[in-house]
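See below for coords.cif, which holds mmCIF, C-alpha atoms.
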data_work
#
loop_
_atom_site.label_atom_id
_atom_site.label_comp_id
_atom_site.auth_asym_id
_atom_site.auth_seq_id
_atom_site.Cartn_x
_atom_site.Cartn_y
_atom_site.Cartn_z
CA MET A 1185 -18.57 -37.47 38.20
CA GLN A 1186 -18.23 -33.98 36.85
CA GLY A 1187 -17.26 -32.37 40.17
CA ASN A 1188 -14.17 -34.59 40.54
CA ARG A 1189 -12.90 -33.95 37.02
CA GLU A 1190 -9.14 -33.39 36.93
CA PRO A 1191 -8.41 -29.84 35.71
CA GLN A 1192 -6.77 -29.93 32.31
CA ARG A 1193 -3.18 -28.68 32.29
CA VAL A 1194 -2.08 -26.66 29.29
CA GLU A 1195 1.57 -26.30 28.38
CA ILE A 1196 2.02 -22.71 27.16
CA ASP A 1197 4.82 -22.12 24.66
CA ARG A 1198 7.05 -19.68 26.57
CA VAL A 1199 9.00 -18.72 23.46
CA ILE A 1200 5.85 -17.15 21.98
CA HIS A 1201 4.20 -16.19 25.27
CA GLU A 1202 6.73 -13.43 26.03
CA PRO A 1203 4.97 -10.15 24.97
CA ALA A 1204 7.79 -8.82 22.76
CA ARG A 1205 8.11 -12.10 20.88
CA LEU A 1206 4.33 -12.45 20.71
CA LEU A 1207 4.21 -9.08 18.94
CA LEU A 1208 6.95 -10.12 16.51
CA VAL A 1209 5.35 -13.49 15.73
CA ALA A 1210 1.94 -11.82 15.29
CA HIS A 1211 3.45 -9.41 12.74
CA LEU A 1212 5.16 -12.19 10.85
CA TYR A 1213 1.98 -14.32 11.00
CA VAL A 1214 -0.03 -11.76 9.02
CA LEU A 1215 2.79 -10.71 6.66
CA GLU A 1216 4.72 -12.80 4.14
CA SER A 1217 8.07 -11.40 5.35
CA ALA A 1218 9.54 -8.16 6.68
CA ASP A 1219 12.97 -6.67 7.22
CA TYR A 1220 14.53 -5.46 10.49
CA VAL A 1221 13.69 -1.80 9.83
CA PHE A 1222 10.01 -2.59 9.23
CA LEU A 1223 9.80 -4.68 12.41
CA MET A 1224 11.58 -1.96 14.43
CA GLN A 1225 9.24 0.68 13.02
CA ASN A 1226 6.13 -1.33 13.85
CA THR A 1227 7.15 -2.59 17.29
CA ASP A 1228 9.31 0.27 18.68
CA PHE A 1229 12.06 -2.20 19.58
CA THR A 1230 15.70 -1.16 19.51
CA TRP A 1231 18.03 -2.94 17.12
CA GLY A 1232 19.65 -4.98 19.91
CA ASN A 1233 16.31 -5.92 21.44
CA LEU A 1234 14.92 -7.02 18.08
CA SER A 1235 18.06 -9.06 17.26
CA SER A 1236 17.94 -10.80 20.62
CA HIS A 1237 14.25 -11.78 20.33
CA LEU A 1238 14.64 -12.87 16.71
CA SER A 1239 17.63 -15.02 17.67
CA LYS A 1240 15.50 -16.80 20.29
CA LEU A 1241 12.73 -17.35 17.76
CA GLU A 1242 15.27 -18.61 15.22
CA GLU A 1243 16.75 -21.02 17.79
CA ALA A 1244 13.25 -22.39 18.39
CA GLY A 1245 12.87 -22.85 14.62
CA TYR A 1246 9.98 -20.39 14.45
CA VAL A 1247 11.53 -17.80 12.12
CA GLU A 1248 13.86 -17.94 9.17
CA ILE A 1249 16.34 -15.10 8.75
CA VAL A 1250 17.51 -14.57 5.18
CA LYS A 1251 20.51 -12.29 4.68
CA ASP A 1252 21.33 -10.85 1.29
CA PHE A 1253 22.53 -7.58 -0.23
CA VAL A 1254 20.57 -4.77 -1.88
CA GLY A 1255 23.28 -3.05 -3.92
CA ARG A 1256 26.22 -3.03 -1.51
CA LYS A 1257 24.14 -2.82 1.65
CA PRO A 1258 23.29 -5.85 3.77
CA HIS A 1259 19.58 -6.58 3.89
CA THR A 1260 17.88 -9.08 6.16
CA MET A 1261 14.35 -10.39 5.69
CA VAL A 1262 12.58 -12.32 8.42
CA LYS A 1263 9.90 -14.91 7.72
CA LEU A 1264 7.80 -17.19 9.90
CA THR A 1265 8.55 -20.89 9.29
CA PRO A 1266 5.72 -23.45 8.99
CA ALA A 1267 6.66 -24.61 12.52
CA GLY A 1268 6.35 -21.02 13.78
CA ARG A 1269 2.98 -20.61 12.10
CA GLN A 1270 1.75 -23.85 13.65
CA ALA A 1271 3.10 -22.85 17.07
CA PHE A 1272 1.28 -19.51 16.88
CA ASP A 1273 -1.97 -21.25 15.82
CA THR A 1274 -1.64 -23.61 18.80
CA TYR A 1275 -0.87 -20.70 21.16
CA ARG A 1276 -3.93 -18.78 19.95
CA ARG A 1277 -6.17 -21.81 20.43
CA GLN A 1278 -4.79 -22.49 23.90
CA MET A 1279 -5.15 -18.89 25.08
CA LYS A 1280 -8.69 -18.64 23.70
CA GLY A 1281 -9.65 -21.84 25.52
CA LEU A 1282 -7.96 -20.81 28.77
CA LEU A 1283 -9.52 -17.36 28.92
CA ALA A 1284 -12.95 -18.57 27.79
CA ASP A 1285 -13.06 -21.01 30.74
CA LEU A 1286 -12.57 -18.22 33.32
CA PRO A 1287 -15.69 -17.51 35.42
CA GLU A 1288 -17.09 -13.93 35.25
CA MET B 1150 9.36 -1.14 23.52
CA SER B 1151 5.72 -0.21 23.95
CA ASN B 1152 3.97 -2.14 26.70
CA GLU B 1153 0.71 -2.19 24.80
CA LEU B 1154 -0.23 -5.00 22.47
CA PHE B 1155 -2.58 -4.12 19.64
CA LEU B 1156 -2.75 -7.27 17.59
CA ALA B 1157 -6.10 -6.66 15.90
CA GLY B 1158 -5.76 -4.73 12.66
CA LEU B 1159 -2.00 -5.19 12.70
CA GLU B 1160 -1.78 -6.20 9.04
CA LYS B 1161 -4.07 -3.35 7.98
CA ARG B 1162 -1.90 -0.80 9.81
CA ALA B 1163 1.21 -2.23 8.12
CA TRP B 1164 -0.54 -2.04 4.74
CA LEU B 1165 -1.68 1.57 5.22
CA ARG B 1166 1.84 2.54 6.28
CA VAL B 1167 2.99 1.71 2.73
CA PHE B 1168 0.69 4.50 1.41
CA GLU B 1169 1.51 6.94 4.22
CA ASP B 1170 4.35 8.60 2.28
CA GLY B 1171 2.07 10.06 -0.41
CA VAL B 1172 4.45 9.05 -3.23
CA TRP B 1173 1.74 7.36 -5.33
CA ASP B 1174 -0.54 10.38 -4.79
CA ILE B 1175 2.20 12.64 -6.21
CA GLU B 1176 2.77 10.39 -9.22
CA ILE B 1177 -0.91 9.93 -10.12
CA GLY B 1178 -1.66 13.63 -9.54
CA LEU B 1179 1.26 14.81 -11.68
CA LEU B 1180 0.34 12.31 -14.42
CA PHE B 1181 -3.14 13.85 -14.64
CA VAL B 1182 -1.68 17.38 -14.54
CA SER B 1183 0.79 16.56 -17.32
CA LEU B 1184 -1.94 14.90 -19.40
CA GLY B 1185 -4.12 17.98 -18.92
CA ALA B 1186 -1.22 20.26 -19.89
CA THR B 1187 -0.60 18.11 -22.98
CA ILE B 1188 -4.21 18.51 -24.10
CA ALA B 1189 -4.32 22.21 -23.17
CA THR B 1190 -1.06 23.12 -24.96
CA ASP B 1191 -1.22 20.59 -27.83
CA TRP B 1192 2.37 19.60 -27.02
CA GLY B 1193 2.01 15.85 -27.45
CA ALA B 1194 5.41 14.89 -26.05
CA LEU B 1195 4.72 16.31 -22.57
CA ALA B 1196 2.65 13.44 -21.11
CA PRO B 1197 4.94 10.61 -22.36
CA ILE B 1198 8.00 12.52 -21.08
CA ALA B 1199 6.27 13.10 -17.71
CA ALA B 1200 5.32 9.41 -17.47
CA ALA B 1201 8.87 8.34 -18.36
CA VAL B 1202 10.34 10.66 -15.71
CA LEU B 1203 7.73 10.32 -12.95
CA THR B 1204 7.64 6.55 -12.58
CA PRO B 1205 11.41 6.09 -12.00
CA ALA B 1206 11.44 9.25 -9.84
CA CYS B 1207 8.68 7.87 -7.59
CA LEU B 1208 10.35 4.46 -7.39
CA GLY B 1209 13.52 6.34 -6.41
CA LEU B 1210 11.61 8.22 -3.69
CA LYS B 1211 10.30 4.89 -2.38
CA LEU B 1212 13.82 3.44 -2.38
CA TRP B 1213 15.74 6.44 -0.92
CA ILE B 1214 13.13 8.13 1.27
CA THR B 1215 10.53 5.53 2.28
CA ALA B 1216 12.44 2.26 2.61
CA PRO B 1217 15.16 3.53 5.01
CA ARG B 1218 12.39 4.89 7.26
CA ILE B 1219 9.78 2.13 7.33
CA GLY B 1220 11.67 -0.79 5.82
CA HIS B 1221 10.69 -3.49 3.33
CA VAL B 1222 7.74 -5.79 3.69
CA ARG B 1223 6.10 -8.47 1.59
CA PHE B 1224 2.40 -8.92 2.15
CA ALA B 1225 0.42 -12.13 2.14
CA LYS B 1226 -1.15 -13.44 -1.09
CA ARG B 1227 -4.54 -11.88 -0.26
CA ARG B 1228 -3.05 -8.37 -0.49
CA VAL B 1229 -0.88 -9.21 -3.49
CA ARG B 1230 -3.96 -10.41 -5.36
CA ARG B 1231 -5.62 -7.03 -4.71
CA VAL B 1232 -2.63 -5.17 -6.17
CA GLU B 1233 -2.69 -7.49 -9.20
CA GLY B 1234 -6.41 -6.78 -9.56
CA VAL B 1235 -5.76 -3.02 -9.62
CA THR B 1236 -2.97 -3.49 -12.20
CA TRP B 1237 -5.38 -5.36 -14.49
CA LEU B 1238 -8.02 -2.70 -13.88
CA LEU B 1239 -5.60 0.06 -14.95
CA ALA B 1240 -4.50 -1.92 -18.01
CA GLY B 1241 -8.17 -2.37 -18.98
CA LEU B 1242 -8.78 1.35 -18.47
CA ALA B 1243 -5.85 2.27 -20.73
CA LEU B 1244 -7.19 -0.07 -23.43
CA LEU B 1245 -10.75 1.23 -23.10
CA THR B 1246 -9.56 4.85 -23.26
CA SER B 1247 -7.58 4.13 -26.43
CA VAL B 1248 -10.62 2.49 -28.04
CA LEU B 1249 -12.81 5.42 -26.97
CA VAL B 1250 -10.39 8.01 -28.40
CA VAL B 1251 -10.30 6.13 -31.73
CA VAL B 1252 -14.11 5.72 -31.83
CA ALA B 1253 -14.83 9.33 -30.85
CA GLY B 1254 -12.18 10.60 -33.27
CA ARG B 1255 -13.86 8.99 -36.29
CA ALA B 1256 -15.52 11.41 -38.67
CA ALA B 1257 -19.25 11.81 -38.10
CA GLY B 1258 -21.48 10.40 -40.82
CA SER B 1259 -24.98 9.08 -41.39
CA ALA B 1260 -23.87 5.54 -40.52
CA THR B 1261 -22.40 6.58 -37.16
CA PRO B 1262 -24.23 4.88 -34.27
CA PHE B 1263 -26.00 7.30 -31.93
CA TRP B 1264 -23.85 6.32 -28.94
CA VAL B 1265 -20.66 7.34 -30.78
CA ASP B 1266 -22.14 10.81 -31.28
CA TRP B 1267 -23.17 10.88 -27.63
CA VAL B 1268 -19.63 9.90 -26.50
CA ARG B 1269 -18.17 12.57 -28.81
CA HIS B 1270 -20.43 15.27 -27.34
CA HIS B 1271 -19.91 14.23 -23.73
CA PHE B 1272 -16.30 13.09 -23.97
CA ALA B 1273 -15.24 14.91 -20.77
CA ALA B 1274 -18.02 13.31 -18.71
CA VAL B 1275 -17.27 9.86 -20.15
CA LEU B 1276 -13.57 10.29 -19.29
CA GLY B 1277 -14.56 11.48 -15.81
CA ALA B 1278 -16.75 8.43 -15.23
CA MET B 1279 -14.07 6.05 -16.52
CA TRP B 1280 -10.99 7.52 -14.85
CA GLY B 1281 -12.64 8.88 -11.72
CA GLY B 1282 -14.59 5.65 -11.30
CA THR B 1283 -11.48 3.52 -11.78
CA LEU B 1284 -9.47 5.60 -9.30
CA ALA B 1285 -12.27 5.32 -6.74
CA LEU B 1286 -12.59 1.58 -7.38
CA ALA B 1287 -8.81 1.16 -7.00
CA GLY B 1288 -9.03 3.05 -3.68
CA GLY B 1289 -11.76 0.66 -2.57
CA ILE B 1290 -9.85 -2.46 -3.63
CA LEU B 1291 -6.62 -1.25 -2.00
CA ARG B 1292 -8.54 0.00 1.08
CA VAL B 1293 -7.07 3.52 0.75
CA PRO B 1294 -10.10 5.84 1.12
CA ARG B 1295 -8.40 9.04 -0.07
CA PHE B 1296 -8.04 7.53 -3.56
CA CYS B 1297 -11.86 7.28 -3.65
CA ALA B 1298 -12.01 11.01 -2.87
CA TYR B 1299 -9.49 11.73 -5.67
CA GLY B 1300 -11.63 9.72 -8.10
CA LEU B 1301 -14.70 11.68 -7.08
CA ALA B 1302 -12.84 15.01 -7.47
CA LEU B 1303 -11.69 14.03 -10.96
CA LEU B 1304 -15.22 12.95 -11.93
CA VAL B 1305 -16.70 16.25 -10.69
CA ALA B 1306 -14.04 18.36 -12.49
CA LEU B 1307 -14.67 16.58 -15.81
CA VAL B 1308 -18.47 16.48 -15.51
CA VAL B 1309 -18.60 20.21 -14.66
CA SER B 1310 -16.39 20.87 -17.70
CA ASP B 1311 -18.79 18.82 -19.84
CA LEU B 1312 -22.01 20.37 -18.52
CA THR B 1313 -20.96 24.02 -18.30
CA GLY B 1314 -18.17 24.27 -20.86
CA ALA B 1315 -16.54 26.76 -18.49
CA TYR B 1316 -13.13 25.18 -18.97
CA SER B 1317 -11.53 22.61 -21.29
CA ILE B 1318 -10.84 18.88 -20.67
CA GLY B 1319 -7.15 19.75 -20.25
CA SER B 1320 -7.95 22.26 -17.50
CA ALA B 1321 -10.35 19.76 -15.86
CA LEU B 1322 -7.59 17.15 -15.70
CA MET B 1323 -5.22 19.71 -14.17
CA ILE B 1324 -7.92 20.75 -11.66
CA GLY B 1325 -8.54 17.08 -10.77
CA GLY B 1326 -4.85 16.12 -10.60
CA SER B 1327 -3.46 19.09 -8.65
CA PRO B 1328 -5.10 18.23 -5.29
CA MET B 1329 -3.73 14.66 -5.50
CA ALA B 1330 -0.17 15.91 -6.08
CA LEU B 1331 -0.53 18.57 -3.35
CA VAL B 1332 -1.95 16.14 -0.78
CA GLY B 1333 0.83 13.71 -1.72
CA ALA B 1334 3.50 16.39 -1.21
CA VAL B 1335 2.06 17.32 2.21
CA LEU B 1336 1.90 13.61 3.18
CA LEU B 1337 5.52 13.15 2.08
CA VAL B 1338 6.71 16.08 4.22
CA LEU B 1339 4.73 14.81 7.23
CA PHE B 1340 6.05 11.29 6.64
CA VAL B 1341 9.68 12.45 6.57
CA ARG B 1342 9.15 14.47 9.77
CA ARG B 1343 7.30 11.65 11.55
CA HIS B 1344 9.68 8.85 10.63
CA PRO B 1345 13.39 9.55 11.08
CA ARG B 1346 15.82 7.35 9.20
CA ARG B 1347 16.47 4.12 11.07
CA PRO B 1348 20.08 2.94 11.47
CA SER B 1349 21.11 0.80 8.53
CA GLU B 1350 22.12 -2.80 9.15
CA GLU B 1351 25.72 -1.82 8.42
CA GLY B 1352 25.61 0.94 11.05
CA ALA B 1353 23.85 -1.24 13.60
CA ASP B 1354 26.30 -4.10 13.08
CA ALA B 1355 29.23 -1.73 13.48
CA GLY B 1356 27.72 -0.32 16.68
CA GLN B 1357 27.29 -3.70 18.33
#
Whole structure given in structure tokens:
Amino acid sequence: MQGNREPQRVEIDRVIHEPARLLLVAHLYVLESADYVFLMQNTDFTWGNLSSHLSKLEEAGYVEIVKDFVGRKPHTMVKLTPAGRQAFDTYRRQMKGLLADLPE
Amino acid sequence: MSNELFLAGLEKRAWLRVFEDGVWDIEIGLLFVSLGATIATDWGALAPIAAAVLTPACLGLKLWITAPRIGHVRFAKRRVRRVEGVTWLLAGLALLTSVLVVVAGRAAGSATPFWVDWVRHHFAAVLGAMWGGTLALAGGILRVPRFCAYGLALLVALVVSDLTGAYSIGSALMIGGSPMALVGAVLLVLFVRRHPRRPSEEGADAGQ
């Protein structure tokens, strides 16, 4: 019977769900890669804030942080891993489904 | 951090930010101005010297002014393909212009096809259509509308030169190129004011 149907539980990925990290992952989803300065410029995060969120995303295996040098200056590029891309796709699908089911 | 999330159009905003500094406007504008000055003064070395100086200078501006303020970014393949398309378009334009200069420069004779005579008589308008059209097309492909306006301005300057004969092709190129360089210079000043230098990774690491 339809009335007794068990409501479906959805496990939301909390690593991506946090608004600051959602913004970072969304940026990296649409770009190939970006450095810290670009991400700071586009998100208004401070350096410490950005580092902390990127570390959490890196721990989850969602971003890859590549450090190299441009001339004698350190330069870090950040890229979404395939796992991060898949996690963001799943998150999008889940959120769309959840919000679409809400009554008016 | 801003509490507002604007995810839609995020990639487009990042893309447009790359053109916000006006550096390419300055380079393209000054290239047209130098080409016009070359034609107007008959000093053939001016345009090649300008091209040889301007390209590294603009790359230097990107490296020393733009990158420390907005950082480095690599765009997805879709955008990269558009840039490659514009590069091919410009290469084709250079080739077509060379062919046109050779064809129009040939001595007139009874065997000359009518269209060669027509191109020779309306050389300014043909250049305007080719270069202005290409610039506008590049603006469309790259999604930077002001480049379409530059293309239109160049077309108008060259067509008016052709129809009225009020000024030479060299002057028309300078008239068409000057606004691009000026707009670029204004955009660069605004860009530098709007975006202060971000702390370098070295500085940030030392501060932590």
Inset, instruction - Any chance you could resolve the PyMOL selection byres ((chain A) within 8 of (chain B)) against this file and give the residues as a ChimeraX atom specification? - result: /A:1203-1204,1207,1210-1211,1214-1223,1225-1232,1257-1259
The distance between atom CA of B:Ala1273 and atom CA of B:Ala1315 is 12.1 Å
Query raised in the report: Hey, can you check how far atom CA of B:Gly1333 sits from atom CA of B:Val1172?
Result: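 That distance, rounded to one decimal, is 6.1 Å.
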Could you state the separation of atom CA of B:Leu1238 and atom CA of B:Ala1278 in Å, given to one decimal place?
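Between these atoms lies a distance of 14.2 Å.
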Exercise for review: Spell out the residues picked by the PyMOL selection byres ((chain B and resi 1246) around 12) here, as an NGL selection string.
Suggested key: :B and (1239-1245 or 1247-1254 or 1268 or 1272-1273 or 1275-1280 or 1283)
Legend entry - Selection result of the PyMOL selection byres ((chain B and resi 1200) around 12) on this file, as a PyMOL selection string: chain B and resi 1176-1184+1187+1194-1199+1201-1207
| task | Give the answer as one residue: which of B:Ala1186, B:Leu1165, B:Leu1337, B:Val1235 has the shortest atom-to-atom distance to B:Ser1320, using only C-alpha atoms? | result |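 Distance minimum relative to B:Ser1320 lands on B:Ala1186.
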Where atoms are missing, can you supply N, CA and C atoms for stretch 1246-1260 of chain A and output the lot as an mmCIF file, in the coordinates of the input?
data_model
loop_
_atom_site.group_PDB
_atom_site.id
_atom_site.type_symbol
_atom_site.label_atom_id
_atom_site.label_comp_id
_atom_site.auth_asym_id
_atom_site.auth_seq_id
_atom_site.Cartn_x
_atom_site.Cartn_y
_atom_site.Cartn_z
ATOM 1 N N TYR A 1246 11.242 -21.053 14.794
ATOM 2 C CA TYR A 1246 9.980 -20.390 14.450
ATOM 3 C C TYR A 1246 10.140 -19.331 13.354
ATOM 4 N N VAL A 1247 11.341 -18.764 13.216
ATOM 5 C CA VAL A 1247 11.530 -17.800 12.120
ATOM 6 C C VAL A 1247 12.770 -18.175 11.307
ATOM 7 N N GLU A 1248 12.731 -17.720 10.078
ATOM 8 C CA GLU A 1248 13.860 -17.940 9.170
ATOM 9 C C GLU A 1248 14.420 -16.563 8.839
ATOM 10 N N ILE A 1249 15.720 -16.399 9.026
ATOM 11 C CA ILE A 1249 16.340 -15.100 8.750
ATOM 12 C C ILE A 1249 17.198 -15.234 7.496
ATOM 13 N N VAL A 1250 16.811 -14.474 6.469
ATOM 14 C CA VAL A 1250 17.510 -14.570 5.180
ATOM 15 C C VAL A 1250 18.315 -13.300 4.971
ATOM 16 N N LYS A 1251 19.637 -13.458 4.878
ATOM 17 C CA LYS A 1251 20.510 -12.290 4.680
ATOM 18 C C LYS A 1251 20.951 -12.221 3.228
ATOM 19 N N ASP A 1252 20.781 -11.053 2.634
ATOM 20 C CA ASP A 1252 21.330 -10.850 1.290
ATOM 21 C C ASP A 1252 21.755 -9.382 1.166
ATOM 22 N N PHE A 1253 22.079 -8.957 -0.028
ATOM 23 C CA PHE A 1253 22.530 -7.580 -0.230
ATOM 24 C C PHE A 1253 21.604 -6.880 -1.220
ATOM 25 N N VAL A 1254 21.263 -5.616 -0.902
ATOM 26 C CA VAL A 1254 20.570 -4.770 -1.880
ATOM 27 C C VAL A 1254 21.617 -3.736 -2.284
ATOM 28 N N GLY A 1255 22.123 -3.859 -3.525
ATOM 29 C CA GLY A 1255 23.280 -3.050 -3.920
ATOM 30 C C GLY A 1255 24.472 -3.530 -3.111
ATOM 31 N N ARG A 1256 25.070 -2.622 -2.344
ATOM 32 C CA ARG A 1256 26.220 -3.030 -1.510
ATOM 33 C C ARG A 1256 25.847 -3.058 -0.034
ATOM 34 N N LYS A 1257 24.558 -2.850 0.244
ATOM 35 C CA LYS A 1257 24.140 -2.820 1.650
ATOM 36 C C LYS A 1257 23.553 -4.156 2.080
ATOM 37 N N PRO A 1258 23.896 -4.609 3.278
ATOM 38 C CA PRO A 1258 23.290 -5.850 3.770
ATOM 39 C C PRO A 1258 21.804 -5.661 4.039
ATOM 40 N N HIS A 1259 21.038 -6.674 3.733
ATOM 41 C CA HIS A 1259 19.580 -6.580 3.890
ATOM 42 C C HIS A 1259 19.060 -7.906 4.418
ATOM 43 N N THR A 1260 18.345 -7.849 5.518
ATOM 44 C CA THR A 1260 17.880 -9.080 6.160
ATOM 45 C C THR A 1260 16.362 -9.131 6.182
#
